[in-house]
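Have a look at the structure below, then the notes.
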Amino acid sequence: MRIFGLNWRIIRALLSSQYAHMLEYRAEIALWALSGVLPFIMLSLWSGSAARAELGLDGVALDRYFLSAFLVRQFSVVWVVYAFEEDALLGRLSPYLLQPLHPLWRYVAAHLGEQLTRLPFAALIAALFFLIQPQAFWVPSLGGLLLAWMATWMAFAIAFLLQSLIASLCFWSEKATALERLLFLPFLFFSGLLAPLTAFPPAVRAWVQWTPFPYLIDFPARVLSGDPVNLAGGFAAQLGWVLLLLPLVLLLWRAGVRRYSAMGA
Amino acid sequence: MGRYWRTLRRFWGTALATQLEYQANALIELLAVALSLGGSLLLLSLFFGPGRELGGWSWNQALMVQGFYTVFDGMSSAWLRPNLGSIVTHVREGTLDFVLLKPIDSQFWVSLRTFAPAGLSEVVLGLGLAGWGAHQSGVVFTPAVLVTVLVMLVVGGVILYSLWFLIAATSIWFVKTWNATEVLRALLASGRYPIEAYPAPLRLLFTLVLPVAFLTTVPAEVLLGRASLPLLALGIILAAGFFTAARGFWMFALRHYTSASS
């Protein structure tokens, strides 16, 4: 039986082949992991600043928040638009479209394989962080960890769908990656990667919570670091965004494939 | 020398002509620059409030630092990223052979071959922001101050180029670490804020090992009349040292270049 074109055999084959593929690129992935140090730079700024009092994150809570933000980011990085654009330009997409499997699944598997390759490097950076800041060390409860894991995966799903939406535009235009840049900027500033959302003025916060961005970093990071957070509201918002984006992506994809006429000779 | 100058004009003339073919992209770029600057200012404003400072810098003074950061960010997207980012492609595809065969210095060629005009808008915006912040902080623009700032900006530019080039040149050996410059870029983002806002160990790191301080904080301090002469001298020495290292490393790397096998 196949659900969404998938069964266990296909899932296993996709994941193991993509994981093996990603292991080949472990040096690159280690560097990508290292290039995610921005939350730590922001942490060092925030912890010494006078504005810190208004964040509502006292003592080690701030350290934990930014470490969690780093980890959530590590496991919700999405690059499907770049992979897809390359495949479309080089004509690799054509054989994928002929297979009885939605090509987006292949990219999902590639991302999961990359996350697994990233895991030891992210863990190493976290261990280094605890070595420098031993007082911030904490072990989340099993339940908390599971919730944080779920929230991170939901964040990954939203980010993946958002970027797939832009990637589908590749069928019409060659500017998809430029559009991705425009989407990345509000993500950078409003996701909680650089500043916890509590740092923003109430008016900005009220407006931002209607965008998907806070549910990509701030919400999962707070779940992971054990801050008091509205769990039901956060998960509901994440689910809402997935349910809103999924049909849009599928529709746009179907319309795009109908228009597709293969690149190259 | 004249030959190099003429070649450079040709290089950048053709780059400009190519870019004019893609006008919609330029518009998107401009929008991205505006959004990015707006977001950075919003983020910076979070650190300030009534009677609040960041590492002893007032809002207007911090604007100067942010402005100089924008200048260097624009310089990276206009010049460094398009050029140094393609070194690895030349190594991987073996086209570096053609560059080495040309009767012109290879470092000159790989460093200045192309140019992305969109980044210039960021440079202009950054200079404007720094000027505005300086004006609001009551800086008097005397010729001596302006010349010193210009010298320090050149020093910052040389340091940034040399660091970026050193990392990009390692792709002669390690093709797979082409994204190492992304790590550099992530660390450079620390230059958005005055160096005094960081804890002491990071301050040392950002002054001597990865001299981000000389890119943004020092030019702002020159404008404020707070920069000490030894610090300026240190900047010039570091810039000369990094540039010599970059040049030496390129020569060393080329001796190990074995071309791509097909």
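Quick note on naming: the chains in the structure tokens go A, B, ... in the order shown, residues restart at 1 in each chain, and ligands are numbered from 1 in order of appearance.
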For chain B, work out the contacting residues on chain A at 6 Å, counting only C-alpha atoms, and write them as a short mmCIF file (atom, residue, chain, number, x, y, z; two decimals) with C-alpha atoms, in the first residue's frame.
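What follows is the written file result12.cif:
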data_model
loop_
_atom_site.label_atom_id
_atom_site.label_comp_id
_atom_site.auth_asym_id
_atom_site.auth_seq_id
_atom_site.Cartn_x
_atom_site.Cartn_y
_atom_site.Cartn_z
CA GLU A 28 30.76 21.03 3.42
CA SER A 35 28.27 29.19 9.60
CA LEU A 45 25.68 41.09 22.61
CA ALA A 51 18.24 46.07 27.04
CA LEU A 182 13.37 38.49 -0.22
#
Next on the checklist: Just want the 12 Å neighbourhood of Asn230 of chain A, counted on only C-alpha atoms, with same-chain residues fewer than 5 positions away dropped. Output as a ChimeraX atom specification.
Outcome noted: /A:215,218-220,222-223,235-237
Checklist entry - So which residues touch Pro140 of chain A within 8 Å, counting only C-alpha atoms, skipping near sequence neighbours fewer than 2 positions away, as a ChimeraX atom specification? => result /A:138,142,144-145,224-226
Would you mind exporting the chosen residues as a PDB file, in the first residue's frame, restricted to N, CA and C atoms?
ATOM      1  N   TRP A 138      21.748  22.049  30.698  1.00  0.00           N
ATOM      2  CA  TRP A 138      20.482  21.471  31.155  1.00  0.00           C
ATOM      3  C   TRP A 138      20.143  20.267  30.294  1.00  0.00           C
ATOM      4  N   LEU A 142      12.143  14.089  28.909  1.00  0.00           N
ATOM      5  CA  LEU A 142      11.872  13.299  27.706  1.00  0.00           C
ATOM      6  C   LEU A 142      10.678  13.875  26.952  1.00  0.00           C
ATOM      7  N   GLY A 144       9.560  16.946  27.100  1.00  0.00           N
ATOM      8  CA  GLY A 144       9.942  18.240  26.527  1.00  0.00           C
ATOM      9  C   GLY A 144      10.743  18.061  25.253  1.00  0.00           C
ATOM     10  N   LEU A 145      11.632  17.071  25.278  1.00  0.00           N
ATOM     11  CA  LEU A 145      12.478  16.822  24.113  1.00  0.00           C
ATOM     12  C   LEU A 145      11.636  16.391  22.915  1.00  0.00           C
ATOM     13  N   LEU A 224      12.204  23.889  23.418  1.00  0.00           N
ATOM     14  CA  LEU A 224      13.418  23.127  23.711  1.00  0.00           C
ATOM     15  C   LEU A 224      14.097  23.625  24.986  1.00  0.00           C
ATOM     16  N   SER A 225      14.130  24.958  25.165  1.00  0.00           N
ATOM     17  CA  SER A 225      14.857  25.482  26.320  1.00  0.00           C
ATOM     18  C   SER A 225      14.000  25.460  27.574  1.00  0.00           C
ATOM     19  N   GLY A 226      12.744  25.013  27.454  1.00  0.00           N
ATOM     20  CA  GLY A 226      11.917  24.849  28.644  1.00  0.00           C
ATOM     21  C   GLY A 226      11.317  26.141  29.169  1.00  0.00           C
TER      22      GLY A 226
END
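Between atom CA of Gly191 of chain B and atom CA of Thr216 of chain B there is a distance of 6.0 Å.
Counting only C-alpha atoms, the residue from A:Val80, A:Ile158, A:Leu179, A:Met22 that sits nearest to Leu104 of chain A is A:Val80.
Residue nearest Ala148 of chain A, chosen from A:Gly36, A:Gly234, A:Pro247, A:Gly5 and counting only C-alpha atoms: A:Gly234.
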Checklist outcome for this item: The distance between atom CA of Ala240 of chain B and atom CA of Phe68 of chain B is 20.7 Å
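Of the listed residues (B:Lys102, B:Arg226, B:Arg92, B:Arg113), B:Arg113 comes nearest to Arg10 of chain B; the distances count only C-alpha atoms.
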Next on the checklist: Residues near Thr70 of chain B, anyone? I mean within 8 Å using only C-alpha atoms, not counting same-chain ones fewer than 2 positions away, as a PyMOL selection string.
Outcome noted: chain B and resi 37+66-68+72-74+122-123+125-127
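Minimum atom-to-atom distances from B:Val209, B:Leu112, B:Val222, B:Ala62 to Gln136 of chain B were compared using only C-alpha atoms, and the lowest value belongs to B:Ala62.
Closest approach to Leu238 of chain B from the set B:Ala200, B:Ala168, B:Val158, B:Val99 is made by B:Val158, with distances taken over only C-alpha atoms.
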Next on the checklist: as a VMD selection string, please: the residues near Gln23 of chain B (cut-off 12 Å, only C-alpha atoms, same-chain neighbours under 5 positions excluded).
Outcome noted: (chain A and resid 175) or (chain B and resid 16 to 18 28 to 30 117 to 118)
Next on the checklist: Need the shell around segment 116-122 of chain A: protein/DNA/RNA residues with any atom at most 9 Å away, counting only C-alpha atoms. Skip same-chain ones fewer than 2 positions apart. Format as an NGL selection string?
Outcome noted: :A and (19 or 22-23 or 25-26 or 29-30 or 32-34 or 70-71 or 74-75 or 111-114 or 124-127)
Can you spit out the residues from that selection as a PDB file, in the first residue's frame, using C-alpha atoms?
ATOM      1  CA  TYR A  19      22.144   9.811   3.680  1.00  0.00           C
ATOM      2  CA  MET A  22      25.203  13.530   2.097  1.00  0.00           C
ATOM      3  CA  LEU A  23      27.953  11.735   4.020  1.00  0.00           C
ATOM      4  CA  TYR A  25      29.679  16.023   1.533  1.00  0.00           C
ATOM      5  CA  ARG A  26      30.309  15.974   5.289  1.00  0.00           C
ATOM      6  CA  ILE A  29      27.972  20.266   5.864  1.00  0.00           C
ATOM      7  CA  ALA A  30      30.316  20.783   8.827  1.00  0.00           C
ATOM      8  CA  TRP A  32      27.411  24.999   6.968  1.00  0.00           C
ATOM      9  CA  ALA A  33      26.859  24.001  10.600  1.00  0.00           C
ATOM     10  CA  LEU A  34      29.675  26.317  11.657  1.00  0.00           C
ATOM     11  CA  PHE A  70      20.978  27.583  17.070  1.00  0.00           C
ATOM     12  CA  LEU A  71      19.926  23.920  17.279  1.00  0.00           C
ATOM     13  CA  GLN A  74      20.451  23.599  12.321  1.00  0.00           C
ATOM     14  CA  PHE A  75      17.617  21.138  11.868  1.00  0.00           C
ATOM     15  CA  HIS A 111      17.058  17.312   3.630  1.00  0.00           C
ATOM     16  CA  LEU A 112      16.525  14.572   6.204  1.00  0.00           C
ATOM     17  CA  GLY A 113      19.752  12.902   5.127  1.00  0.00           C
ATOM     18  CA  GLU A 114      21.553  16.206   5.502  1.00  0.00           C
ATOM     19  CA  LEU A 124      29.905  19.140  18.915  1.00  0.00           C
ATOM     20  CA  ILE A 125      29.188  22.869  18.768  1.00  0.00           C
ATOM     21  CA  ALA A 126      26.617  22.506  21.566  1.00  0.00           C
ATOM     22  CA  ALA A 127      29.147  20.592  23.671  1.00  0.00           C
TER      23      ALA A 127
END
Next on the checklist: Which residues are close to Val151 of chain B, i.e. within 12 Å by only C-alpha atoms, leaving aside same-chain residues fewer than 3 positions away? Reply as a PyMOL selection string.
Outcome noted: chain B and resi 144-148+154-158+214-215+218-219+222+232-233+235-236+239
